[in-house]
$ cat final24.cif   # mmCIF, C-alpha atoms
data_model
loop_
_atom_site.label_atom_id
_atom_site.label_comp_id
_atom_site.auth_asym_id
_atom_site.auth_seq_id
_atom_site.Cartn_x
_atom_site.Cartn_y
_atom_site.Cartn_z
CA MET A 1 147.24 251.80 -54.63
CA ALA A 2 146.42 250.97 -58.26
CA LYS A 3 143.75 252.98 -60.05
CA ASN A 4 141.54 249.93 -60.63
CA GLN A 5 141.64 249.19 -56.89
CA GLN A 6 140.65 252.75 -56.04
CA GLU A 7 137.74 252.57 -58.47
CA ALA A 8 136.60 249.23 -57.01
CA ILE A 9 136.75 250.65 -53.48
CA ALA A 10 134.68 253.67 -54.53
CA GLN A 11 132.08 251.37 -56.11
CA MET A 12 132.10 249.17 -53.02
CA ARG A 13 131.40 252.16 -50.75
CA LYS A 14 128.40 253.10 -52.89
CA SER A 15 127.16 249.50 -52.85
CA ILE A 16 127.45 249.39 -49.06
CA GLU A 17 125.27 252.51 -48.82
CA LYS A 18 122.72 250.96 -51.19
CA LEU A 19 122.57 248.00 -48.81
CA GLY A 20 121.62 250.38 -46.02
CA SER A 21 124.95 250.52 -44.23
CA SER A 22 128.06 252.71 -44.13
CA ALA A 23 131.82 252.26 -44.30
CA LYS A 24 132.79 255.85 -43.50
CA LYS A 25 134.86 254.93 -40.45
CA TYR A 26 136.86 252.29 -42.34
CA GLY A 27 139.92 253.00 -44.45
CA ASP A 28 140.56 251.84 -47.99
CA ALA A 29 142.97 249.12 -46.81
CA THR A 30 140.19 247.44 -44.84
CA LEU A 31 137.74 247.51 -47.75
CA LEU A 32 140.40 246.21 -50.12
CA ARG A 33 140.69 243.03 -48.05
CA PHE A 34 137.01 242.30 -48.62
CA LEU A 35 137.39 243.06 -52.33
CA ILE A 36 140.33 240.67 -52.68
CA ALA A 37 138.33 237.99 -50.85
CA ARG A 38 135.55 238.43 -53.42
CA SER A 39 137.71 238.59 -56.55
CA MET A 40 137.46 242.40 -56.75
CA ASP A 41 133.67 242.29 -57.24
CA PRO A 42 132.40 245.50 -55.51
CA MET A 43 128.85 244.26 -54.87
CA ALA A 44 129.93 240.84 -53.60
CA ALA A 45 132.52 242.52 -51.36
CA ALA A 46 129.90 245.01 -50.12
CA LYS A 47 127.54 242.17 -49.19
CA MET A 48 130.35 240.38 -47.35
CA PHE A 49 131.25 243.60 -45.53
CA VAL A 50 127.66 244.30 -44.45
CA GLU A 51 127.27 240.72 -43.21
CA TRP A 52 130.50 241.14 -41.28
CA GLN A 53 129.18 244.37 -39.73
CA LYS A 54 125.97 242.65 -38.62
CA TRP A 55 127.92 239.75 -37.13
CA ARG A 56 130.38 242.04 -35.38
CA ASP A 57 127.59 244.20 -33.89
CA SER A 58 125.77 241.16 -32.51
CA PHE A 59 128.67 238.91 -31.48
CA VAL A 60 131.18 241.57 -30.38
CA PRO A 61 128.91 244.45 -29.28
CA PHE A 62 131.58 246.17 -27.17
CA GLY A 63 134.24 246.03 -29.87
CA HIS A 64 136.28 243.22 -28.33
CA ILE A 65 135.97 240.05 -26.28
CA PRO A 66 137.55 240.65 -22.85
CA ALA A 67 139.74 237.99 -21.25
CA ASN A 68 137.27 237.36 -18.42
CA GLU A 69 134.72 236.05 -20.94
CA VAL A 70 137.10 233.34 -22.17
CA SER A 71 138.95 232.51 -18.97
CA ASP A 72 138.48 228.75 -19.27
CA GLN A 73 140.07 228.75 -22.71
CA LEU A 74 142.96 231.00 -21.64
CA GLU A 75 143.72 228.82 -18.61
CA ALA A 76 144.76 226.01 -20.93
CA ARG A 77 147.64 228.21 -22.17
CA LYS A 78 147.22 226.69 -25.61
CA VAL A 79 147.79 229.85 -27.65
CA CYS A 80 151.01 231.83 -27.80
CA LEU A 81 151.98 235.05 -29.53
CA ALA A 82 155.36 235.79 -31.10
CA GLY A 83 156.88 237.78 -33.91
CA PRO A 84 157.04 239.78 -35.95
CA THR A 85 158.16 237.68 -38.90
CA ILE A 86 160.66 239.09 -41.38
CA ASP A 87 157.63 240.42 -43.27
CA GLY A 88 156.32 242.15 -40.18
CA HIS A 89 153.50 239.74 -39.33
CA PRO A 90 152.65 238.62 -35.78
CA ILE A 91 152.92 234.86 -35.19
CA LEU A 92 149.97 233.04 -33.63
CA ILE A 93 150.95 229.64 -32.25
CA VAL A 94 148.40 227.01 -31.24
CA LEU A 95 149.61 224.17 -29.01
CA ALA A 96 147.13 221.45 -29.96
CA SER A 97 148.18 219.12 -27.12
CA ASN A 98 146.79 221.68 -24.63
CA HIS A 99 143.39 221.81 -26.36
CA PHE A 100 140.37 219.63 -25.68
CA PRO A 101 136.97 219.82 -27.38
CA PRO A 102 135.10 222.53 -25.43
CA LYS A 103 132.00 221.90 -23.36
CA ASP A 104 130.99 225.54 -23.81
CA PHE A 105 131.19 226.07 -27.56
CA LEU A 106 129.94 229.66 -27.37
CA GLN A 107 132.90 230.53 -25.15
CA PHE A 108 135.19 228.79 -27.62
CA LYS A 109 133.88 230.93 -30.49
CA LYS A 110 134.41 234.04 -28.38
CA PHE A 111 137.93 232.80 -27.71
CA VAL A 112 138.59 232.53 -31.44
CA VAL A 113 137.56 236.18 -31.83
CA HIS A 114 139.63 237.19 -28.79
CA LEU A 115 142.81 235.54 -30.03
CA LEU A 116 142.44 236.75 -33.63
CA ASP A 117 141.66 240.33 -32.59
CA LYS A 118 144.56 240.48 -30.14
CA THR A 119 146.98 238.96 -32.64
CA ILE A 120 145.96 241.45 -35.32
CA ALA A 121 146.24 244.32 -32.83
CA SER A 122 149.80 243.24 -32.04
CA GLY A 123 150.69 243.86 -35.68
CA VAL A 124 149.02 247.27 -35.94
CA LYS A 125 151.46 250.18 -36.07
CA GLU A 126 148.84 252.92 -35.77
CA SER A 127 145.47 253.27 -34.09
CA GLU A 128 143.38 251.94 -36.99
CA VAL A 129 143.55 248.47 -38.47
CA GLY A 130 144.01 248.02 -42.19
CA ASP A 131 145.74 245.28 -44.13
CA GLU A 132 147.64 243.60 -41.27
CA LYS A 133 148.10 239.85 -41.68
CA LEU A 134 149.15 237.09 -39.31
CA VAL A 135 151.18 233.91 -39.62
CA GLY A 136 149.75 230.88 -37.86
CA VAL A 137 151.58 227.85 -36.49
CA LEU A 138 149.53 224.80 -35.54
CA ASP A 139 151.79 222.62 -33.41
CA LEU A 140 150.48 219.06 -33.30
CA GLN A 141 153.28 217.56 -31.22
CA ASN A 142 152.23 215.00 -28.60
CA ILE A 143 148.52 215.15 -29.44
CA SER A 144 146.27 212.22 -28.64
CA TYR A 145 142.75 211.36 -29.73
CA ARG A 146 141.49 213.40 -26.74
CA ASN A 147 142.92 216.57 -28.29
CA ILE A 148 141.39 216.14 -31.73
CA ASP A 149 138.62 218.64 -32.37
CA ALA A 150 137.59 218.82 -36.02
CA ARG A 151 134.59 221.02 -35.17
CA GLY A 152 136.77 223.56 -33.39
CA LEU A 153 139.32 223.64 -36.21
CA ILE A 154 136.63 224.08 -38.84
CA THR A 155 135.10 226.90 -36.80
CA GLY A 156 138.45 228.68 -36.66
CA PHE A 157 138.86 228.49 -40.41
CA GLN A 158 135.27 229.55 -41.04
CA PHE A 159 135.74 232.63 -38.85
CA LEU A 160 138.90 233.51 -40.78
CA GLN A 161 137.16 233.11 -44.11
CA ALA A 162 133.91 234.90 -43.28
CA TYR A 163 134.95 237.54 -40.75
CA TYR A 164 138.71 238.04 -41.15
CA PRO A 165 139.22 238.13 -44.93
CA GLU A 166 142.83 238.31 -46.09
CA ARG A 167 144.14 238.27 -42.54
CA LEU A 168 145.97 234.94 -42.89
CA ALA A 169 149.35 235.21 -44.60
CA LYS A 170 150.40 231.59 -44.00
CA LEU A 171 149.53 228.72 -41.68
CA TYR A 172 152.27 226.23 -40.91
CA MET A 173 151.26 222.85 -39.52
CA VAL A 174 154.18 221.29 -37.67
CA ASN A 175 154.79 217.93 -35.98
CA MET A 176 151.75 216.31 -37.61
CA PRO A 177 151.31 212.69 -36.44
CA TRP A 178 149.65 210.00 -38.53
CA ILE A 179 146.51 210.11 -36.36
CA PHE A 180 145.83 213.65 -37.59
CA VAL A 181 146.16 213.02 -41.33
CA SER A 182 142.59 211.79 -41.83
CA VAL A 183 141.29 214.62 -39.64
CA TRP A 184 143.08 217.18 -41.78
CA ASN A 185 141.78 215.58 -44.97
CA PHE A 186 138.25 216.01 -43.58
CA VAL A 187 138.74 219.56 -42.30
CA SER A 188 140.35 220.74 -45.53
CA ARG A 189 137.08 220.09 -47.38
CA PHE A 190 135.62 223.11 -45.58
CA LEU A 191 138.38 225.46 -46.71
CA GLU A 192 138.11 227.83 -49.64
CA LYS A 193 140.78 227.35 -52.29
CA ALA A 194 142.47 230.64 -51.37
CA THR A 195 142.72 229.56 -47.72
CA LEU A 196 143.96 226.07 -48.50
CA GLU A 197 146.74 227.51 -50.66
CA LYS A 198 148.08 229.34 -47.59
CA VAL A 199 148.43 226.15 -45.51
CA VAL A 200 151.88 224.56 -45.43
CA VAL A 201 152.37 221.13 -43.84
CA VAL A 202 155.93 220.92 -42.54
CA LYS A 203 156.83 217.28 -43.17
CA ASN A 204 160.63 217.02 -43.06
CA ASP A 205 163.88 218.84 -42.30
CA GLU A 206 163.86 220.63 -45.65
CA ASP A 207 160.34 221.91 -45.02
CA ARG A 208 161.34 223.00 -41.52
CA ASN A 209 164.37 224.91 -42.85
CA ASP A 210 162.14 226.64 -45.39
CA PHE A 211 159.70 227.48 -42.58
CA VAL A 212 162.42 229.02 -40.40
CA ARG A 213 163.82 231.03 -43.33
CA ALA A 214 160.39 232.31 -44.34
CA VAL A 215 159.42 233.36 -40.81
CA GLY A 216 162.84 234.44 -39.56
CA GLU A 217 164.92 233.11 -36.65
CA ALA A 218 165.00 236.25 -34.52
CA ASN A 219 161.40 236.24 -33.28
CA LEU A 220 160.46 232.59 -33.89
CA PRO A 221 160.38 230.58 -30.62
CA GLU A 222 163.25 228.16 -29.95
CA GLU A 223 160.86 225.20 -30.15
CA TYR A 224 160.57 225.82 -33.90
CA GLY A 225 164.18 226.59 -34.73
CA GLY A 226 164.24 230.26 -33.76
CA LYS A 227 165.81 232.29 -30.96
CA ALA A 228 162.79 233.68 -29.09
CA LYS A 229 160.85 232.44 -26.07
CA LEU A 230 157.36 230.94 -26.20
CA VAL A 231 154.93 233.37 -24.53
CA ALA A 232 151.26 232.65 -23.79
CA LEU A 233 148.73 235.01 -25.38
CA GLN A 234 147.47 236.33 -22.03
CA ASP A 235 151.02 237.22 -20.94
CA VAL A 236 151.51 239.60 -23.87
CA THR A 237 150.66 243.25 -23.22
CA ILE A 238 149.57 245.40 -26.17
CA ASN A 239 149.28 249.10 -25.38
CA HIS A 240 146.70 249.82 -28.08
CA TRP A 241 144.51 246.80 -27.35
CA PRO A 242 141.58 246.80 -27.73
CA LEU A 243 141.48 248.85 -30.90
CA PRO A 244 138.70 251.41 -31.48
CA VAL A 245 137.99 249.80 -34.88
CA GLN A 246 138.56 246.07 -35.37
CA ALA A 247 137.97 244.81 -38.92
#
$ encode --input "final24.cif" --output "structure tokens"
Amino acid sequence: MAKNQQEAIAQMRKSIEKLGSSAKKYGDATLLRFLIARSMDPMAAAKMFVEWQKWRDSFVPFGHIPANEVSDQLEARKVCLAGPTIDGHPILIVLASNHFPPKDFLQFKKFVVHLLDKTIASGVKESEVGDEKLVGVLDLQNISYRNIDARGLITGFQFLQAYYPERLAKLYMVNMPWIFVSVWNFVSRFLEKATLEKVVVVKNDEDRNDFVRAVGEANLPEEYGGKAKLVALQDVTINHWPLPVQA
């Protein structure tokens, strides 16, 4: 780790204490993600971290969202987990045609936390999380107007930006039909520049080949040009899930 990063982390830890909180149980890799998200400004990163702690304590008081709290969302089998990519990232795949705007939006928000936490845990090599990232695939094949949920998509991005800083490596949007173009133009207004720069719309064969090369054939499901099988999130067993510290 560079000297300037170490100094920024030390300043951030002091700023967190000044704000009445503590980061003693979190490693430098975790704090660095918040710093990067706030342009290496220790105080801004500290404020973001403390807000994240408050949110986590209130929304995820037991450290994780168990499957039985999001059973309706899981039953749709709309999220799959694959990977790792050639860079070692887990692959989170959302099948948009299996999603419908939720009647219980609180459960949906819990589901977002559940799927992000479990995906991140699948990429953790030791007991404590740090700088693990994920690659997302939003598959829009065969969607109809009934599947379109701008509010849900915005919520997912807002959670990533506010509570999972620097967790997203790339998001590939595949099989986008014309009916979704205007929706995406609207949703993208809610994305920070850094997040928007990580979104890749796969439009043609050349884009798809680039996508397969970037992710890697071995663990990419066959539906997207790889050699692996598509497996629903709830069918994946992770020995160290839930993690004792999830940040």
$ closest_residue --input "final24.cif" --among "A:Leu92, A:Leu160, A:Leu153, A:Leu138" --to "Ala37 (chain A)" --atoms "all atoms listed in the file"
A:Leu160
$ residues_around --input "final24.cif" --residues "Leu220 (chain A)" --least-positions-apart "5" --cutoff "12 Å" --atoms "all atoms listed in the file" --output "ChimeraX atom specification"
/A:80-86,89-93,135-137,211-215,225-231
$ resolve_selection --input "final24.cif" --expression "the PyMOL selection byres ((chain A and resi 182-187) around 9)" --output "CSV table (one decimal) with C-alpha atoms, keeping the file's coordinate frame"
chain,number,residue,atom,x,y,z
A,148,ILE,CA,141.4,216.1,-31.7
A,149,ASP,CA,138.6,218.6,-32.4
A,150,ALA,CA,137.6,218.8,-36.0
A,151,ARG,CA,134.6,221.0,-35.2
A,153,LEU,CA,139.3,223.6,-36.2
A,154,ILE,CA,136.6,224.1,-38.8
A,178,TRP,CA,149.6,210.0,-38.5
A,179,ILE,CA,146.5,210.1,-36.4
A,180,PHE,CA,145.8,213.6,-37.6
A,181,VAL,CA,146.2,213.0,-41.3
A,188,SER,CA,140.4,220.7,-45.5
A,189,ARG,CA,137.1,220.1,-47.4
A,190,PHE,CA,135.6,223.1,-45.6
A,191,LEU,CA,138.4,225.5,-46.7
$ residues_near_point --input "final24.cif" --point "(164.4, 219.4, -35.5)" --cutoff "8 Å" --atoms "all atoms listed in the file" --output "list of chain:residue names"
A:Asp205, A:Arg208, A:Tyr224, A:Gly225
$ closest_residue --input "final24.cif" --among "A:His99, A:His64, A:Lys198, A:Lys78" --to "Arg146 (chain A)" --atoms "all atoms listed in the file"
A:His99
$ closest_residue --input "final24.cif" --among "A:Leu168, A:Leu140, A:Leu233, A:Leu35" --to "Phe111 (chain A)" --atoms "all atoms listed in the file"
A:Leu233
$ closest_residue --input "final24.cif" --among "A:Leu116, A:Val79, A:Val70, A:Leu32" --to "Pro102 (chain A)" --atoms "only C-alpha atoms"
A:Val70
$ resolve_selection --input "final24.cif" --expression "the PyMOL selection byres ((chain A and resi 45) around 10)" --output "list in words"
Ala8, Ile9, Met12, Arg13, Ser15, Ile16, Leu31, Leu32, Arg33, Phe34, Leu35, Ile36, Ala37, Arg38, Ser39, Met40, Asp41, Pro42, Met43, Ala44, Ala46, Lys47, Met48, Phe49, Val50 and Glu51 of chain A
$ axis_aligned_box --input "final24.cif" --around "region 132-136 of chain A" --padding-each-side "5 Å" --output "JSON"
{"center_x": 149.4, "center_y": 237.2, "center_z": -39.8, "size_x": 13.5, "size_y": 22.7, "size_z": 13.8}
